[in-house]
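Read through the structure below, which is laid out as structure tokens, and then see the notes.
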Amino acid sequence: MPQLGNVVVEQTGIASSIVTSGRNLCHWAMLMHPAAVTAGDLLVAGMKLRTTHRIEAVAQTAKIPALWRRFFVDKVGDQIPDRLPDAAVLAVYSDYDQDDSGPYSFLIGHSVRTLEQTPNGMSGFWLLPGRYLQFEAAGRPFEYPAADWEEIRQFFARTHEYERTFEADYEIHRPEGVAIYVAIKL
């Protein structure tokens, strides 16, 4: 089984039978051909908020895009102590109320060595090691990939091979792209 750093990759064969929608076929094929991986075990410190998909669906009420802007305008990443050298920005979705139809927490930040020195006004989160489906997002790095998340929700509605845990999901944003990790049951 191939291994990328601390991520073990196991390719799935889900997408080939689903790629029939006719709209942006390349995006659908790439996004909906996830790899089952063992990942997580990351400490993340940054800015946190609570929201719902209903709030995020309306541009005037959406909180996540505003938090992304604030993260970069206020240079929040520079204020996070004990950052790991990797320049990736992580976005963590956690504290789901049962599933993703209700409120959840969203944290944007960086990987850190310890959460003990998380500054006042910021939050920390430990992404537990576990099983995830890794999706390559078509959205632009360092922005909320709303369209990609909608495709992912549709993917889980169509397949019964994998079931989400709703414990914590995350995105890794790098200049070359965005990887989305969705926690799944074993």
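Here, A, B, ... name the chains of the structure tokens in the order displayed, residue numbers run from 1 inside each chain, and ligands are numbered from 1 in the same displayed order.
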Please provide the set of residues having any atom within 8 Å of A:Leu115, restricted to only C-alpha atoms, with same-chain residues fewer than 5 positions apart removed, written as a list in words.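 Non-adjacent residues within range: Leu43, Val44, Ala45, Gly124 and Phe125 of chain A.
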Resulting file, chosen residues, N, CA, C and O atoms, as an mmCIF file, in the first residue's frame:
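Everything below was put into again.cif:
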```
data_model
loop_
_atom_site.group_PDB
_atom_site.id
_atom_site.type_symbol
_atom_site.label_atom_id
_atom_site.label_comp_id
_atom_site.auth_asym_id
_atom_site.auth_seq_id
_atom_site.Cartn_x
_atom_site.Cartn_y
_atom_site.Cartn_z
ATOM 1 N N LEU A 43 -2.131 18.490 15.862
ATOM 2 C CA LEU A 43 -2.568 19.552 16.766
ATOM 3 C C LEU A 43 -2.700 20.810 15.927
ATOM 4 O O LEU A 43 -1.778 21.173 15.200
ATOM 5 N N VAL A 44 -3.843 21.482 16.034
ATOM 6 C CA VAL A 44 -4.107 22.672 15.232
ATOM 7 C C VAL A 44 -4.522 23.807 16.154
ATOM 8 O O VAL A 44 -5.389 23.631 17.013
ATOM 9 N N ALA A 45 -3.906 24.973 15.982
ATOM 10 C CA ALA A 45 -4.268 26.175 16.748
ATOM 11 C C ALA A 45 -4.674 27.266 15.777
ATOM 12 O O ALA A 45 -4.071 27.416 14.715
ATOM 13 N N GLY A 124 -7.561 25.599 20.231
ATOM 14 C CA GLY A 124 -6.754 24.496 19.750
ATOM 15 C C GLY A 124 -7.604 23.257 19.594
ATOM 16 O O GLY A 124 -8.658 23.127 20.221
ATOM 17 N N PHE A 125 -7.152 22.367 18.744
ATOM 18 C CA PHE A 125 -7.894 21.134 18.504
ATOM 19 C C PHE A 125 -6.920 20.021 18.180
ATOM 20 O O PHE A 125 -5.959 20.221 17.437
#
```
Just asking: which residues within stretch 52-135 of chain A are alpha helix (DSSP H) according to DSSP, as a list in words?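 Alpha helix (DSSP H) members of stretch 52-135 of chain A, listed: His53, Arg54, Ile55, Glu56, Ile64, Pro65, Ala66, Leu67, Trp68, Arg69, Arg70, Phe71, Phe72 and Val73 of chain A.
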Find the distance between atom CA of A:Gly177 and atom CA of A:Gly130 and write it in Å to one decimal. 22.5 Å
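Here atom CA of A:His173 is placed at a distance of 5.9 Å from atom CA of A:Phe142.
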What does the distance from atom CA of A:Ala168 to atom CA of A:Val58 come to in Å, to one decimal?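 These two atoms are separated by 23.5 Å.
The smallest atom-to-atom distance between A:Gly121 and any of A:Lys63, A:Ala183, A:Glu151, A:Val76, using only C-alpha atoms, is found for A:Val76.
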Residue with smallest distance to A:Ala59 - pool A:Pro175, A:Met47, A:Ala146, A:Glu167, counting only C-alpha atoms: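 Using only C-alpha atoms, A:Ala59 sits closest to A:Ala146.
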So which bits of stretch 53-168 of chain A end up strand (DSSP E) when you DSSP the backbone, as a short mmCIF file (atom, residue, chain, number, x, y, z; two decimals) with all heavy atoms, in the first residue's frame?
```cif
data_model
loop_
_atom_site.label_atom_id
_atom_site.label_comp_id
_atom_site.auth_asym_id
_atom_site.auth_seq_id
_atom_site.Cartn_x
_atom_site.Cartn_y
_atom_site.Cartn_z
N VAL A 89 -2.14 25.70 5.70
CA VAL A 89 -3.22 26.20 6.55
C VAL A 89 -4.23 25.07 6.68
O VAL A 89 -4.60 24.44 5.69
CB VAL A 89 -3.88 27.47 5.95
CG1 VAL A 89 -5.08 27.90 6.77
CG2 VAL A 89 -2.87 28.59 5.83
N LEU A 90 -4.67 24.81 7.90
CA LEU A 90 -5.64 23.75 8.14
C LEU A 90 -6.98 24.36 8.54
O LEU A 90 -7.03 25.34 9.28
CB LEU A 90 -5.17 22.81 9.24
CG LEU A 90 -4.13 21.78 8.79
CD1 LEU A 90 -2.76 22.37 8.74
CD2 LEU A 90 -4.17 20.58 9.68
N ALA A 91 -8.04 23.77 8.04
CA ALA A 91 -9.40 24.14 8.42
C ALA A 91 -10.04 22.88 9.01
O ALA A 91 -10.04 21.83 8.35
CB ALA A 91 -10.19 24.63 7.22
N VAL A 92 -10.54 22.98 10.24
CA VAL A 92 -11.09 21.83 10.94
C VAL A 92 -12.58 22.05 11.20
O VAL A 92 -12.99 23.10 11.67
CB VAL A 92 -10.36 21.61 12.29
CG1 VAL A 92 -10.94 20.42 13.04
CG2 VAL A 92 -8.86 21.45 12.08
N TYR A 93 -13.36 21.02 10.90
CA TYR A 93 -14.80 21.01 11.15
C TYR A 93 -15.03 19.99 12.26
O TYR A 93 -14.68 18.82 12.10
CB TYR A 93 -15.56 20.59 9.89
CG TYR A 93 -15.31 21.48 8.71
CD1 TYR A 93 -14.14 21.37 7.96
CD2 TYR A 93 -16.22 22.46 8.33
CE1 TYR A 93 -13.89 22.18 6.87
CE2 TYR A 93 -15.99 23.29 7.24
CZ TYR A 93 -14.81 23.14 6.52
OH TYR A 93 -14.58 23.95 5.45
N SER A 94 -15.62 20.41 13.37
CA SER A 94 -15.76 19.51 14.52
C SER A 94 -16.99 19.86 15.34
O SER A 94 -17.74 20.78 14.99
CB SER A 94 -14.51 19.59 15.39
OG SER A 94 -14.37 20.89 15.93
N TYR A 104 -22.03 23.23 13.87
CA TYR A 104 -20.71 22.63 13.97
C TYR A 104 -19.70 23.74 14.22
O TYR A 104 -19.99 24.92 14.02
CB TYR A 104 -20.34 21.82 12.71
CG TYR A 104 -20.34 22.64 11.44
CD1 TYR A 104 -19.18 23.25 10.98
CD2 TYR A 104 -21.50 22.80 10.69
CE1 TYR A 104 -19.18 23.99 9.81
CE2 TYR A 104 -21.51 23.54 9.52
CZ TYR A 104 -20.34 24.13 9.08
OH TYR A 104 -20.34 24.87 7.92
N SER A 105 -18.52 23.35 14.67
CA SER A 105 -17.43 24.32 14.89
C SER A 105 -16.49 24.30 13.70
O SER A 105 -16.28 23.25 13.08
CB SER A 105 -16.65 23.98 16.16
OG SER A 105 -17.47 24.11 17.29
N PHE A 106 -15.93 25.46 13.40
CA PHE A 106 -14.96 25.61 12.31
C PHE A 106 -13.75 26.33 12.87
O PHE A 106 -13.88 27.38 13.48
CB PHE A 106 -15.58 26.42 11.17
CG PHE A 106 -14.62 26.73 10.06
CD1 PHE A 106 -14.32 25.77 9.10
CD2 PHE A 106 -14.00 27.96 9.98
CE1 PHE A 106 -13.43 26.05 8.07
CE2 PHE A 106 -13.10 28.25 8.96
CZ PHE A 106 -12.81 27.29 8.01
N LEU A 107 -12.57 25.75 12.68
CA LEU A 107 -11.32 26.34 13.15
C LEU A 107 -10.37 26.45 11.97
O LEU A 107 -10.23 25.51 11.19
CB LEU A 107 -10.70 25.45 14.23
CG LEU A 107 -9.41 25.96 14.87
CD1 LEU A 107 -9.41 25.64 16.36
CD2 LEU A 107 -8.19 25.35 14.22
N ILE A 108 -9.74 27.60 11.82
CA ILE A 108 -8.73 27.79 10.78
C ILE A 108 -7.42 28.16 11.46
O ILE A 108 -7.39 29.02 12.33
CB ILE A 108 -9.15 28.87 9.75
CG1 ILE A 108 -8.09 29.04 8.69
CG2 ILE A 108 -9.49 30.16 10.41
CD1 ILE A 108 -8.51 29.95 7.55
N GLY A 109 -6.35 27.45 11.10
CA GLY A 109 -5.08 27.70 11.75
C GLY A 109 -3.94 26.91 11.15
O GLY A 109 -3.96 26.58 9.96
N HIS A 110 -2.96 26.61 12.00
CA HIS A 110 -1.76 25.89 11.57
C HIS A 110 -1.50 24.72 12.52
O HIS A 110 -1.90 24.75 13.68
CB HIS A 110 -0.54 26.82 11.60
CG HIS A 110 -0.56 27.86 10.55
ND1 HIS A 110 -0.30 27.60 9.22
CD2 HIS A 110 -0.78 29.20 10.62
CE1 HIS A 110 -0.37 28.74 8.52
NE2 HIS A 110 -0.66 29.71 9.35
N SER A 111 -0.76 23.75 12.02
CA SER A 111 -0.29 22.65 12.87
C SER A 111 0.73 23.21 13.85
O SER A 111 1.57 24.04 13.48
CB SER A 111 0.39 21.56 12.03
OG SER A 111 -0.55 20.87 11.27
N SER A 123 -8.18 29.10 19.67
CA SER A 123 -8.55 27.76 20.14
C SER A 123 -7.59 26.74 19.58
O SER A 123 -6.92 26.98 18.58
CB SER A 123 -9.97 27.41 19.67
OG SER A 123 -10.91 28.29 20.23
N GLY A 124 -7.56 25.60 20.23
CA GLY A 124 -6.75 24.50 19.75
C GLY A 124 -7.60 23.26 19.59
O GLY A 124 -8.66 23.13 20.22
N PHE A 125 -7.15 22.37 18.74
CA PHE A 125 -7.89 21.13 18.50
C PHE A 125 -6.92 20.02 18.18
O PHE A 125 -5.96 20.22 17.44
CB PHE A 125 -8.87 21.32 17.34
CG PHE A 125 -9.85 20.18 17.19
CD1 PHE A 125 -11.00 20.15 17.95
CD2 PHE A 125 -9.59 19.14 16.31
CE1 PHE A 125 -11.89 19.08 17.84
CE2 PHE A 125 -10.47 18.08 16.20
CZ PHE A 125 -11.63 18.04 16.96
N TRP A 126 -7.17 18.83 18.75
CA TRP A 126 -6.38 17.66 18.42
C TRP A 126 -7.18 16.81 17.45
O TRP A 126 -8.25 16.28 17.80
CB TRP A 126 -6.04 16.85 19.67
CG TRP A 126 -5.29 15.58 19.41
CD1 TRP A 126 -4.45 15.31 18.36
CD2 TRP A 126 -5.32 14.40 20.20
NE1 TRP A 126 -3.94 14.04 18.46
CE2 TRP A 126 -4.46 13.45 19.59
CE3 TRP A 126 -5.96 14.05 21.38
CZ2 TRP A 126 -4.24 12.19 20.10
CZ3 TRP A 126 -5.74 12.79 21.90
CH2 TRP A 126 -4.89 11.87 21.27
N LEU A 127 -6.70 16.71 16.21
CA LEU A 127 -7.30 15.83 15.22
C LEU A 127 -6.80 14.42 15.52
O LEU A 127 -5.62 14.12 15.31
CB LEU A 127 -6.87 16.23 13.80
CG LEU A 127 -7.64 17.37 13.17
CD1 LEU A 127 -6.88 17.94 11.99
CD2 LEU A 127 -9.00 16.89 12.74
N GLY A 130 -7.03 8.44 12.66
CA GLY A 130 -8.15 7.60 12.30
C GLY A 130 -8.23 7.37 10.81
O GLY A 130 -7.31 7.65 10.05
N ARG A 131 -9.36 6.88 10.39
CA ARG A 131 -9.62 6.54 9.00
C ARG A 131 -10.38 7.69 8.34
O ARG A 131 -11.38 8.17 8.87
CB ARG A 131 -10.48 5.28 9.00
CG ARG A 131 -10.52 4.57 7.76
CD ARG A 131 -9.42 3.51 7.76
NE ARG A 131 -9.74 2.63 6.66
CZ ARG A 131 -8.92 2.45 5.64
NH1 ARG A 131 -7.75 2.99 5.63
NH2 ARG A 131 -9.29 1.69 4.64
N TYR A 132 -9.90 8.11 7.20
CA TYR A 132 -10.50 9.23 6.47
C TYR A 132 -10.60 8.89 4.98
O TYR A 132 -9.83 8.08 4.48
CB TYR A 132 -9.62 10.49 6.59
CG TYR A 132 -9.50 11.05 7.99
CD1 TYR A 132 -8.58 10.54 8.89
CD2 TYR A 132 -10.32 12.10 8.40
CE1 TYR A 132 -8.47 11.05 10.17
CE2 TYR A 132 -10.21 12.62 9.68
CZ TYR A 132 -9.28 12.09 10.56
OH TYR A 132 -9.19 12.60 11.83
N LEU A 133 -11.54 9.54 4.30
CA LEU A 133 -11.52 9.56 2.84
C LEU A 133 -10.89 10.88 2.45
O LEU A 133 -11.30 11.95 2.94
CB LEU A 133 -12.92 9.47 2.24
CG LEU A 133 -13.55 8.09 2.16
CD1 LEU A 133 -14.88 8.15 1.42
CD2 LEU A 133 -12.63 7.07 1.50
N GLN A 134 -9.88 10.83 1.61
CA GLN A 134 -9.18 12.03 1.15
C GLN A 134 -9.69 12.40 -0.23
O GLN A 134 -9.62 11.59 -1.16
CB GLN A 134 -7.68 11.80 1.11
CG GLN A 134 -6.92 13.00 0.57
CD GLN A 134 -5.45 12.72 0.36
OE1 GLN A 134 -4.94 11.68 0.77
NE2 GLN A 134 -4.77 13.63 -0.29
N PHE A 135 -10.21 13.63 -0.36
CA PHE A 135 -10.70 14.16 -1.63
C PHE A 135 -9.78 15.29 -2.06
O PHE A 135 -9.38 16.11 -1.24
CB PHE A 135 -12.12 14.74 -1.46
CG PHE A 135 -13.17 13.72 -1.06
CD1 PHE A 135 -13.37 13.40 0.27
CD2 PHE A 135 -13.96 13.13 -2.02
CE1 PHE A 135 -14.34 12.49 0.64
CE2 PHE A 135 -14.94 12.21 -1.66
CZ PHE A 135 -15.13 11.89 -0.32
N GLU A 136 -9.47 15.35 -3.35
CA GLU A 136 -8.72 16.47 -3.88
C GLU A 136 -9.74 17.51 -4.34
O GLU A 136 -10.56 17.23 -5.21
CB GLU A 136 -7.82 16.04 -5.04
CG GLU A 136 -6.73 15.08 -4.63
CD GLU A 136 -5.79 15.64 -3.56
OE1 GLU A 136 -5.46 16.85 -3.61
OE2 GLU A 136 -5.40 14.88 -2.66
N ALA A 137 -9.70 18.67 -3.74
CA ALA A 137 -10.70 19.71 -4.04
C ALA A 137 -10.35 20.47 -5.31
O ALA A 137 -9.18 20.65 -5.63
CB ALA A 137 -10.78 20.69 -2.87
N ALA A 168 -14.63 14.72 13.38
CA ALA A 168 -13.86 15.88 12.91
C ALA A 168 -13.41 15.60 11.48
O ALA A 168 -12.95 14.51 11.16
CB ALA A 168 -12.65 16.13 13.80
#
```
Nearest residue to A:Ile180 from the set A:Gly46, A:Gln60, A:Ile152, A:Asp100 (distances using only C-alpha atoms):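 Using only C-alpha atoms, A:Ile180 sits closest to A:Ile152.
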